[in-house]
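Visitor: Below is input_9.cif; it holds mmCIF, C-alpha atoms and all ligand atoms.
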```cif
data_coords
loop_
_atom_site.label_atom_id
_atom_site.label_comp_id
_atom_site.auth_asym_id
_atom_site.auth_seq_id
_atom_site.Cartn_x
_atom_site.Cartn_y
_atom_site.Cartn_z
CA MET A 65 -125.52 241.51 159.21
CA ALA A 66 -124.38 244.92 157.96
CA GLN A 67 -123.75 245.81 154.35
CA ILE A 68 -120.15 246.88 153.78
CA ILE A 69 -119.51 250.41 152.51
CA ASP A 70 -116.71 249.97 150.00
CA GLY A 71 -114.43 252.98 150.34
CA LYS A 72 -112.13 251.72 147.59
CA ALA A 73 -114.98 251.62 145.08
CA VAL A 74 -116.44 255.00 146.09
CA SER A 75 -113.00 256.64 146.05
CA ALA A 76 -112.36 255.16 142.59
CA ASP A 77 -115.60 256.83 141.42
CA VAL A 78 -114.49 260.19 142.86
CA LYS A 79 -111.06 259.90 141.24
CA ALA A 80 -112.60 258.94 137.89
CA GLU A 81 -114.84 262.04 138.05
CA VAL A 82 -111.83 264.22 138.88
CA ALA A 83 -109.70 262.67 136.12
CA ALA A 84 -112.44 263.27 133.54
CA GLU A 85 -112.79 266.92 134.58
CA ALA A 86 -109.03 267.44 134.68
CA ALA A 87 -108.72 266.06 131.14
CA LYS A 88 -111.49 268.41 130.00
CA LEU A 89 -109.77 271.41 131.64
CA LYS A 90 -106.55 270.57 129.83
CA GLU A 91 -108.24 270.11 126.48
CA GLU A 92 -110.60 273.08 126.60
CA ASN A 93 -108.60 275.56 128.70
CA GLY A 94 -105.00 274.35 128.35
CA LEU A 95 -104.86 274.08 132.11
CA LYS A 96 -102.82 271.42 133.89
CA VAL A 97 -103.83 271.09 137.54
CA GLY A 98 -100.90 271.13 139.99
CA LEU A 99 -100.52 270.10 143.63
CA ALA A 100 -97.44 270.90 145.73
CA VAL A 101 -96.75 268.54 148.61
CA VAL A 102 -94.23 269.61 151.24
CA ILE A 103 -92.74 267.17 153.71
CA VAL A 104 -90.24 268.04 156.43
CA GLY A 105 -88.15 265.29 158.05
CA ASN A 106 -88.17 261.51 157.72
CA ASP A 107 -91.30 260.28 159.49
CA PRO A 108 -92.03 256.94 157.73
CA ALA A 109 -95.84 257.25 157.98
CA SER A 110 -95.72 260.78 156.50
CA ARG A 111 -93.48 259.48 153.72
CA VAL A 112 -96.08 256.83 152.83
CA TYR A 113 -98.89 259.44 152.80
CA VAL A 114 -96.86 261.76 150.56
CA ASN A 115 -96.06 258.94 148.11
CA ASN A 116 -99.74 257.97 147.98
CA LYS A 117 -100.69 261.57 147.23
CA LYS A 118 -98.10 261.70 144.45
CA LYS A 119 -99.46 258.49 142.94
CA ALA A 120 -103.04 259.78 143.16
CA CYS A 121 -101.98 262.97 141.31
CA GLU A 122 -100.49 260.88 138.51
CA ALA A 123 -103.63 258.71 138.34
CA VAL A 124 -105.95 261.70 137.83
CA GLY A 125 -103.60 263.56 135.45
CA PHE A 126 -102.34 266.30 137.82
CA GLN A 127 -98.79 267.58 138.05
CA SER A 128 -97.30 267.03 141.48
CA PHE A 129 -94.45 269.05 142.91
CA GLU A 130 -92.75 267.42 145.84
CA TYR A 131 -90.58 269.32 148.29
CA ALA A 132 -88.82 266.95 150.69
CA LEU A 133 -87.04 269.13 153.23
CA ASP A 134 -84.48 268.14 155.81
CA GLU A 135 -85.54 267.69 159.46
CA SER A 136 -83.35 270.68 160.34
CA THR A 137 -85.31 273.09 158.09
CA THR A 138 -86.15 276.24 160.02
CA GLN A 139 -89.63 277.71 160.30
CA GLU A 140 -88.47 280.73 158.34
CA GLN A 141 -87.20 278.57 155.47
CA LEU A 142 -90.50 276.65 155.38
CA LEU A 143 -92.53 279.87 155.41
CA ASP A 144 -90.35 281.21 152.56
CA LEU A 145 -91.16 278.09 150.51
CA VAL A 146 -94.89 278.42 151.22
CA ASN A 147 -94.74 282.04 150.03
CA VAL A 148 -93.01 281.00 146.81
CA LEU A 149 -95.68 278.32 146.22
CA ASN A 150 -98.45 280.83 146.97
CA ARG A 151 -97.18 282.87 143.99
CA ASP A 152 -96.40 279.94 141.65
CA ASN A 153 -99.10 279.78 138.96
CA ARG A 154 -98.40 276.12 138.22
CA VAL A 155 -99.39 275.26 141.78
CA ASN A 156 -103.14 275.23 142.46
CA GLY A 157 -103.05 273.46 145.81
CA ILE A 158 -100.50 273.39 148.63
CA LEU A 159 -100.36 270.61 151.16
CA VAL A 160 -97.88 270.66 154.01
CA GLN A 161 -97.76 267.18 155.49
CA LEU A 162 -98.40 267.14 159.24
CA PRO A 163 -97.05 266.59 161.82
CA LEU A 164 -94.13 268.98 161.43
CA PRO A 165 -90.95 268.73 163.53
CA LYS A 166 -91.41 270.20 167.02
CA HIS A 167 -89.34 273.34 166.37
CA ILE A 168 -91.86 274.49 163.71
CA ASP A 169 -95.16 276.11 164.68
CA GLU A 170 -97.81 274.26 162.63
CA LYS A 171 -100.34 277.06 163.04
CA ALA A 172 -97.95 279.64 161.60
CA VAL A 173 -97.38 277.43 158.56
CA ILE A 174 -101.09 276.67 157.99
CA ASN A 175 -101.90 280.37 158.32
CA ALA A 176 -99.24 281.24 155.72
CA ILE A 177 -100.84 279.10 152.99
CA SER A 178 -103.05 281.16 150.71
CA PRO A 179 -106.67 280.22 151.56
CA ASP A 180 -107.28 279.80 147.79
CA LYS A 181 -104.65 277.05 147.68
CA ASP A 182 -105.43 275.51 151.07
CA VAL A 183 -106.73 272.18 149.73
CA ASP A 184 -106.66 270.59 153.20
CA ALA A 185 -109.12 273.32 154.35
CA PHE A 186 -107.19 273.87 157.59
CA HIS A 187 -106.69 277.66 157.20
CA PRO A 188 -108.90 279.66 159.62
CA VAL A 189 -110.57 281.42 156.67
CA ASN A 190 -111.68 278.07 155.23
CA VAL A 191 -112.65 276.73 158.67
CA GLY A 192 -114.82 279.84 159.15
CA LYS A 193 -116.42 279.39 155.74
CA ILE A 194 -117.41 275.83 156.67
CA MET A 195 -119.14 277.19 159.79
CA ILE A 196 -121.31 279.52 157.70
CA GLY A 197 -121.85 276.98 154.92
CA GLU A 198 -120.13 279.08 152.21
CA TYR A 199 -117.11 276.93 151.65
CA SER A 200 -114.82 276.46 148.66
CA PHE A 201 -113.17 273.34 150.03
CA LEU A 202 -114.33 270.79 152.54
CA PRO A 203 -111.77 269.12 154.78
CA CYS A 204 -110.84 265.88 153.03
CA THR A 205 -111.66 263.22 155.63
CA PRO A 206 -115.08 264.57 156.73
CA ALA A 207 -115.98 265.23 153.07
CA GLY A 208 -115.03 261.63 152.28
CA VAL A 209 -117.27 260.42 155.11
CA MET A 210 -120.21 262.41 153.69
CA ARG A 211 -119.67 260.81 150.29
CA LEU A 212 -119.62 257.34 151.89
CA ILE A 213 -122.90 258.03 153.72
CA GLU A 214 -124.38 259.33 150.46
CA SER A 215 -123.35 256.08 148.72
CA THR A 216 -125.65 254.10 151.04
CA GLY A 217 -128.68 256.12 149.94
CA PHE A 218 -129.43 256.81 153.64
CA ASP A 219 -131.16 260.20 154.05
CA ILE A 220 -129.48 262.26 156.80
CA THR A 221 -132.39 264.70 157.23
CA GLY A 222 -133.87 264.51 160.72
CA LYS A 223 -131.70 261.56 161.74
CA GLN A 224 -129.79 261.29 165.01
CA CYS A 225 -126.12 261.68 164.09
CA VAL A 226 -123.44 261.03 166.69
CA VAL A 227 -119.82 262.04 166.09
CA ILE A 228 -117.27 260.71 168.57
CA GLY A 229 -114.17 262.92 168.61
CA ARG A 230 -113.89 266.73 168.42
CA SER A 231 -110.58 267.30 166.64
CA ASN A 232 -110.25 270.27 164.30
CA ILE A 233 -109.49 268.04 161.33
CA VAL A 234 -112.19 265.37 161.76
CA GLY A 235 -114.76 265.57 164.57
CA LYS A 236 -115.72 269.27 164.52
CA PRO A 237 -115.98 269.73 160.74
CA GLN A 238 -117.74 266.35 160.49
CA ALA A 239 -120.42 267.53 162.89
CA MET A 240 -120.90 270.75 160.86
CA LEU A 241 -121.30 268.84 157.59
CA LEU A 242 -123.90 266.50 159.11
CA LEU A 243 -125.71 269.53 160.54
CA GLN A 244 -125.73 271.19 157.12
CA LYS A 245 -127.43 268.05 155.78
CA ASN A 246 -130.14 268.50 158.43
CA GLY A 247 -128.96 265.81 160.84
CA THR A 248 -129.59 266.24 164.57
CA VAL A 249 -126.01 266.14 165.75
CA THR A 250 -124.39 265.18 169.05
CA ILE A 251 -120.63 265.46 169.53
CA CYS A 252 -118.94 263.20 172.09
CA HIS A 253 -115.40 263.36 173.49
CA SER A 254 -113.26 261.95 176.28
CA LYS A 255 -115.29 263.76 178.99
CA THR A 256 -118.68 262.54 177.73
CA LYS A 257 -120.47 260.73 180.57
CA ASN A 258 -123.00 258.37 179.00
CA LEU A 259 -121.23 257.42 175.76
CA LYS A 260 -122.92 254.01 175.32
CA GLU A 261 -126.40 255.46 175.75
CA ILE A 262 -125.69 258.26 173.24
CA CYS A 263 -124.17 255.82 170.74
CA LEU A 264 -127.25 253.61 171.00
CA SER A 265 -129.41 256.57 169.93
CA ALA A 266 -127.40 257.09 166.71
CA ASP A 267 -128.87 256.40 163.29
CA ILE A 268 -125.52 257.54 161.92
CA LEU A 269 -122.42 257.00 164.05
CA VAL A 270 -119.08 258.51 162.98
CA VAL A 271 -116.18 257.42 165.15
CA ALA A 272 -112.87 259.37 165.13
CA ILE A 273 -111.11 258.68 168.42
CA GLY A 274 -107.83 256.91 167.72
CA ARG A 275 -108.41 253.94 170.06
CA ALA A 276 -108.40 250.43 168.60
CA LYS A 277 -111.79 248.63 168.58
CA PHE A 278 -113.19 250.98 171.25
CA ILE A 279 -116.78 250.97 169.97
CA THR A 280 -118.34 247.52 170.30
CA GLY A 281 -121.52 245.98 168.86
CA ASP A 282 -123.50 246.50 172.08
CA MET A 283 -123.08 250.29 171.61
CA ILE A 284 -124.66 250.30 168.15
CA LYS A 285 -128.33 250.77 167.30
CA GLU A 286 -129.83 248.05 165.10
CA GLY A 287 -129.52 249.10 161.45
CA ALA A 288 -127.32 252.18 162.05
CA VAL A 289 -124.82 253.54 159.52
CA VAL A 290 -121.40 253.18 161.18
CA ILE A 291 -118.41 255.07 159.79
CA ASP A 292 -115.04 254.24 161.30
CA VAL A 293 -112.44 256.97 160.76
CA GLY A 294 -109.88 255.43 163.12
CA MET A 295 -106.56 254.08 161.91
CA ASP A 296 -105.11 252.09 164.76
CA ARG A 297 -103.09 248.94 165.44
CA ASP A 298 -104.56 245.97 167.29
CA GLU A 299 -102.72 243.82 169.86
CA ASN A 300 -100.98 241.96 166.97
CA GLY A 301 -99.88 245.16 165.25
CA LYS A 302 -102.52 244.74 162.52
CA LEU A 303 -104.25 247.84 161.10
CA CYS A 304 -107.75 248.25 162.54
CA GLY A 305 -110.28 250.96 163.30
CA ASP A 306 -111.88 252.52 166.38
CA VAL A 307 -114.85 250.18 165.91
CA ASP A 308 -114.75 246.49 166.78
CA PHE A 309 -115.81 245.37 163.32
CA GLU A 310 -116.63 241.77 164.26
CA THR A 311 -119.31 242.66 166.84
CA ALA A 312 -120.39 245.92 165.20
CA GLU A 313 -121.29 244.40 161.84
CA LYS A 314 -123.89 242.21 163.58
CA ALA A 315 -125.83 245.28 164.78
CA ALA A 316 -125.17 247.89 162.08
CA GLY A 317 -127.10 248.26 158.84
CA TRP A 318 -124.07 249.68 157.02
CA ILE A 319 -120.44 249.76 158.11
CA THR A 320 -117.05 250.84 156.76
CA PRO A 321 -114.14 248.41 157.08
CA VAL A 322 -110.59 249.40 158.10
CA PRO A 323 -108.66 249.30 155.85
CA GLY A 324 -110.72 250.02 152.74
CA GLY A 325 -113.28 252.45 154.21
CA VAL A 326 -112.57 256.10 155.03
CA GLY A 327 -108.80 255.90 154.30
CA PRO A 328 -108.99 255.84 150.48
CA MET A 329 -111.62 258.62 150.51
CA THR A 330 -109.30 261.20 152.10
CA ILE A 331 -106.89 261.24 149.16
CA ALA A 332 -109.72 261.15 146.61
CA MET A 333 -111.27 264.25 148.22
CA LEU A 334 -107.85 265.96 148.21
CA MET A 335 -107.76 265.48 144.44
CA LYS A 336 -111.29 266.91 144.19
CA ASN A 337 -110.29 269.97 146.25
CA THR A 338 -107.22 270.55 144.09
CA LEU A 339 -109.37 270.46 140.96
CA THR A 340 -111.82 272.92 142.57
CA ALA A 341 -108.91 275.21 143.46
CA ALA A 342 -107.60 275.14 139.88
CA LYS A 343 -111.03 276.00 138.47
CA GLN A 344 -111.56 278.83 140.95
CA GLN A 345 -108.11 280.30 140.27
CA ALA A 346 -108.80 280.19 136.53
CA GLY A 347 -112.24 281.76 137.04
CA ILE A 348 -113.98 278.70 135.53
P1 LIG A 401 -107.35 263.38 167.88
O1 LIG A 401 -106.99 264.76 167.44
O2 LIG A 401 -106.44 262.64 168.77
O3 LIG A 401 -108.80 263.45 168.55
C1 LIG A 401 -109.35 262.33 169.17
C2 LIG A 401 -110.69 262.67 169.73
O4 LIG A 401 -111.24 261.52 170.35
C3 LIG A 401 -110.63 263.77 170.80
O5 LIG A 401 -111.67 264.71 170.60
C4 LIG A 401 -110.85 263.00 172.11
O6 LIG A 401 -111.55 263.72 173.09
C5 LIG A 401 -111.71 261.84 171.64
N1 LIG A 401 -111.58 260.70 172.54
C6 LIG A 401 -110.44 260.14 172.98
N2 LIG A 401 -110.72 259.13 173.85
C7 LIG A 401 -112.07 259.08 173.93
C8 LIG A 401 -112.98 258.28 174.67
N3 LIG A 401 -112.55 257.33 175.49
N4 LIG A 401 -114.30 258.51 174.51
C9 LIG A 401 -114.76 259.46 173.70
N5 LIG A 401 -113.94 260.27 172.97
C10 LIG A 401 -112.61 260.08 173.10
O7 LIG A 401 -107.57 262.43 166.62
P2 LIG A 401 -108.02 262.73 165.10
O8 LIG A 401 -106.93 263.43 164.40
O9 LIG A 401 -109.39 263.30 165.07
O10 LIG A 401 -108.08 261.23 164.55
C11 LIG A 401 -108.94 260.26 165.11
C12 LIG A 401 -108.65 258.92 164.44
O11 LIG A 401 -108.91 259.03 163.05
C13 LIG A 401 -107.20 258.45 164.55
O12 LIG A 401 -107.19 257.03 164.63
C14 LIG A 401 -106.58 258.89 163.24
O13 LIG A 401 -105.49 258.07 162.86
C15 LIG A 401 -107.75 258.68 162.31
N6 LIG A 401 -107.73 259.50 161.09
C16 LIG A 401 -107.91 258.85 159.93
C17 LIG A 401 -107.95 259.57 158.74
C18 LIG A 401 -108.19 258.83 157.46
O14 LIG A 401 -107.89 259.33 156.41
N7 LIG A 401 -108.77 257.64 157.54
C19 LIG A 401 -107.76 260.95 158.74
C20 LIG A 401 -107.59 261.60 159.97
C21 LIG A 401 -107.57 260.86 161.15
P3 LIG A 401 -110.93 265.04 173.83
O15 LIG A 401 -111.11 266.15 172.83
O16 LIG A 401 -111.78 265.20 175.04
O17 LIG A 401 -109.50 264.73 174.11
#
```
Just give me the structure of the file as structure tokens.
Ligand code: NAP

Guide:
Amino acid sequence: MAQIIDGKAVSADVKAEVAAEAAKLKEENGLKVGLAVVIVGNDPASRVYVNNKKKACEAVGFQSFEYALDESTTQEQLLDLVNVLNRDNRVNGILVQLPLPKHIDEKAVINAISPDKDVDAFHPVNVGKIMIGEYSFLPCTPAGVMRLIESTGFDITGKQCVVIGRSNIVGKPQAMLLLQKNGTVTICHSKTKNLKEICLSADILVVAIGRAKFITGDMIKEGAVVIDVGMDRDENGKLCGDVDFETAEKAAGWITPVPGGVGPMTIAMLMKNTLTAAKQQAGI
């Protein structure tokens, strides 16, 4: 039976580290860290994410600046706001909540955020830096996954690492981070032919597909570390992951639950990135 990787506990550790450093920055440098969160429209899920980010800022002692814009906001108006925030010294990090309404080009907005304040690490400059291993910020979800793996004490060096999913925000950067830690990395996607066979070779399996309970216990190598990034709904509308926890925990050595695994890590790593941004901008 697998040991559970407790994302709530690990994220609480990250937030405590950030809060301690933020308090020190305020005391020694008179610096109050600030994060601007921009939301356009009324998507209920986005609303929940933005509120959680606001609460996390309060918990670690950051200022948060929320900009809730109407669904009808034009791309030009949004770009104008991003430019104002780029120049605002109180704002160390800028996060524009995705998805944006269809009439706004997400790429144009991401590209307009100053790379120094791009705490989501979605700007092409930051994506490129991750490729060459000279990054300032790591994308929040993959960075959270790395911290969870680290918490198990499992050494990535030389291990077979399989990432399922190749999105720009999870799968691809995840694979790069595992590679940088000397894993032997395979990336799978919807066109992969022998998925079960590849999964069975994985010492570390990171699943980011978006399909409820898709990975079952018979696809998992005995003793593997299984990280479930998925946030899906099962047939009863209950939150679940991409991994079928019930069968998977019988084969895995370590496994993340959903909820309570990767989810809480994403916001904790956002706080860490915002702190890093503040320190870099202040030359500390
Ligand atoms: P995405 O952009 O939709 O990408 C999904 C990936 O899964 C694609 O690369 C796709 O392959 C692959 N895929 C789909 N069906 C597959 C199959 N049958 N076999 C193998 N691969 C398959 O999704 P995402 O943004 O990466 O998110 C993935 C999941 O993670 C979602 O459930 C999302 O809600 C969750 N998520 C959670 C957090 C968190 O904080 N916990 C953060 C981000 C995302 P193709 O490229 O070939 O289409």

Visitor: Could you list, as a count of residues only, every residue within 12 Å of Asp152 of chain A, counting all atoms listed in the file and ignoring same-chain residues fewer than 3 positions away?

Guide: 16

Visitor: Find the residue from A:Ile268, A:Val74, A:Leu143, A:Ala80 that sits nearest to Val102 of chain A; use all atoms listed in the file when measuring.

Guide: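 Under the stated criterion, the closest residue is A:Leu143.
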
Visitor: If I wrap all listed atoms of segment 152-161 of chain A in a box with edges along x, y and z and add 5 Å on each side, what are its centre and edge lengths in Å to one decimal, as JSON?

Guide:
```
{"center_x": -99.8, "center_y": 273.6, "center_z": 146.9, "size_x": 16.7, "size_y": 22.8, "size_z": 27.3}
```

Visitor: Which one of A:Met329, A:Val104, A:Cys121, A:Ile348 sits closest to Thr138 of chain A if you count all atoms listed in the file?

Guide: A:Val104

Visitor: Please compute the atom CA of Gly197 of chain A-atom CA of Arg230 of chain A distance, one decimal, in Å.

Guide: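 That distance, rounded to one decimal, is 18.7 Å.
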
Visitor: Using all atoms listed in the file, tabulate the residues of chain A lying at most 6 Å from any atom of ligand LIG 401 (chain A), each with its closest atom pair and that distance in Å to one decimal, by chain and increasing residue number, as a tab-separated table.

Guide:
```
residue	atom	partner	partner_atom	distance
A:Thr205	CA	A:LIG401	O14	5.5
A:Ile228	CA	A:LIG401	N5	5.5
A:Gly229	CA	A:LIG401	O5	3.7
A:Arg230	CA	A:LIG401	O5	3.7
A:Ser231	CA	A:LIG401	O9	4.5
A:Val234	CA	A:LIG401	O9	4.8
A:Gly235	CA	A:LIG401	O9	5.9
A:Cys252	CA	A:LIG401	C9	5.8
A:His253	CA	A:LIG401	N5	3.5
A:Ser254	CA	A:LIG401	C10	3.7
A:Lys255	CA	A:LIG401	O16	5.5
A:Ala272	CA	A:LIG401	C11	4.0
A:Ile273	CA	A:LIG401	O4	3.4
A:Gly274	CA	A:LIG401	O12	3.2
A:Val293	CA	A:LIG401	O11	4.7
A:Gly294	CA	A:LIG401	O12	3.5
A:Met295	CA	A:LIG401	O12	4.1
A:Asp296	CA	A:LIG401	O12	5.4
A:Val326	CA	A:LIG401	N7	4.8
A:Gly327	CA	A:LIG401	N7	3.7
A:Thr330	CA	A:LIG401	O14	4.9
```

Visitor: Please produce a file of the residues just selected, as a compact mmCIF listing (two decimals), in the frame of the given file, where the atoms kept are C-alpha atoms.

Guide:
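Ended up saving to result36.txt:
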```
# COMPACT_ATOMS: atom_id res chain seq x y z
CA THR A 205 -111.66 263.22 155.63
CA ILE A 228 -117.27 260.71 168.57
CA GLY A 229 -114.17 262.92 168.61
CA ARG A 230 -113.89 266.73 168.42
CA SER A 231 -110.58 267.30 166.64
CA VAL A 234 -112.19 265.37 161.76
CA GLY A 235 -114.76 265.57 164.57
CA CYS A 252 -118.94 263.20 172.09
CA HIS A 253 -115.40 263.36 173.49
CA SER A 254 -113.26 261.95 176.28
CA LYS A 255 -115.29 263.76 178.99
CA ALA A 272 -112.87 259.37 165.13
CA ILE A 273 -111.11 258.68 168.42
CA GLY A 274 -107.83 256.91 167.72
CA VAL A 293 -112.44 256.97 160.76
CA GLY A 294 -109.88 255.43 163.12
CA MET A 295 -106.56 254.08 161.91
CA ASP A 296 -105.11 252.09 164.76
CA VAL A 326 -112.57 256.10 155.03
CA GLY A 327 -108.80 255.90 154.30
CA THR A 330 -109.30 261.20 152.10
```

Visitor: Please write as an MDAnalysis selection string the list of polymer residues whose atoms come within 12 Å of (-96.6, 272.4, 162.5), counting all atoms listed in the file and keeping to the coordinates of the file.

Guide: chainID A and resid 102:105 138:139 142:143 160:176 186

Visitor: Where atoms are absent from segment 234-243 of chain A, fill them in so it carries all heavy atoms, then output it as a short mmCIF file (atom, residue, chain, number, x, y, z; two decimals), in the coordinates of the input.

Guide:
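Wrote it out as result25.cif, contents follow:
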```cif
data_model
loop_
_atom_site.label_atom_id
_atom_site.label_comp_id
_atom_site.auth_asym_id
_atom_site.auth_seq_id
_atom_site.Cartn_x
_atom_site.Cartn_y
_atom_site.Cartn_z
N VAL A 234 -111.13 266.37 162.04
CA VAL A 234 -112.19 265.37 161.76
C VAL A 234 -113.49 265.71 162.50
O VAL A 234 -114.48 266.12 161.89
CB VAL A 234 -111.74 263.92 162.10
CG1 VAL A 234 -112.80 262.94 161.58
CG2 VAL A 234 -110.39 263.57 161.50
N GLY A 235 -113.51 265.52 163.82
CA GLY A 235 -114.76 265.57 164.57
C GLY A 235 -115.58 266.84 164.37
O GLY A 235 -116.76 266.78 164.01
N LYS A 236 -114.95 268.01 164.60
CA LYS A 236 -115.72 269.27 164.52
C LYS A 236 -116.27 269.52 163.12
O LYS A 236 -117.47 269.77 162.97
CB LYS A 236 -114.86 270.45 164.99
CG LYS A 236 -114.79 270.57 166.50
CD LYS A 236 -114.01 271.84 166.85
CE LYS A 236 -113.35 271.72 168.20
NZ LYS A 236 -112.25 272.69 168.36
N PRO A 237 -115.40 269.49 162.07
CA PRO A 237 -115.98 269.73 160.74
C PRO A 237 -117.00 268.66 160.35
O PRO A 237 -117.99 268.96 159.68
CB PRO A 237 -114.77 269.73 159.79
CG PRO A 237 -113.63 269.17 160.56
CD PRO A 237 -113.92 269.40 162.00
N GLN A 238 -116.77 267.43 160.80
CA GLN A 238 -117.74 266.35 160.49
C GLN A 238 -119.13 266.70 161.03
O GLN A 238 -120.14 266.54 160.33
CB GLN A 238 -117.26 265.04 161.14
CG GLN A 238 -118.07 263.83 160.70
CD GLN A 238 -117.84 263.56 159.23
OE1 GLN A 238 -116.77 263.17 158.83
NE2 GLN A 238 -118.84 263.78 158.40
N ALA A 239 -119.14 267.17 162.27
CA ALA A 239 -120.42 267.53 162.89
C ALA A 239 -121.10 268.65 162.09
O ALA A 239 -122.32 268.62 161.87
CB ALA A 239 -120.18 267.97 164.34
N MET A 240 -120.32 269.63 161.63
CA MET A 240 -120.90 270.75 160.86
C MET A 240 -121.50 270.25 159.55
O MET A 240 -122.59 270.68 159.14
CB MET A 240 -119.82 271.79 160.51
CG MET A 240 -119.40 272.68 161.64
SD MET A 240 -120.74 273.39 162.57
CE MET A 240 -121.62 274.26 161.29
N LEU A 241 -120.81 269.34 158.89
CA LEU A 241 -121.30 268.84 157.59
C LEU A 241 -122.59 268.05 157.77
O LEU A 241 -123.52 268.15 156.97
CB LEU A 241 -120.24 267.98 156.89
CG LEU A 241 -118.92 268.66 156.54
CD1 LEU A 241 -118.07 267.79 155.64
CD2 LEU A 241 -119.15 270.00 155.87
N LEU A 242 -122.67 267.26 158.84
CA LEU A 242 -123.90 266.50 159.11
C LEU A 242 -125.05 267.46 159.45
O LEU A 242 -126.18 267.26 159.04
CB LEU A 242 -123.66 265.49 160.24
CG LEU A 242 -122.77 264.30 159.86
CD1 LEU A 242 -122.24 263.60 161.10
CD2 LEU A 242 -123.53 263.31 158.98
N LEU A 243 -124.71 268.51 160.20
CA LEU A 243 -125.71 269.53 160.54
C LEU A 243 -126.25 270.21 159.28
O LEU A 243 -127.46 270.44 159.13
CB LEU A 243 -125.07 270.55 161.49
CG LEU A 243 -125.95 271.66 162.03
CD1 LEU A 243 -127.07 271.11 162.90
CD2 LEU A 243 -125.11 272.65 162.85
#
```
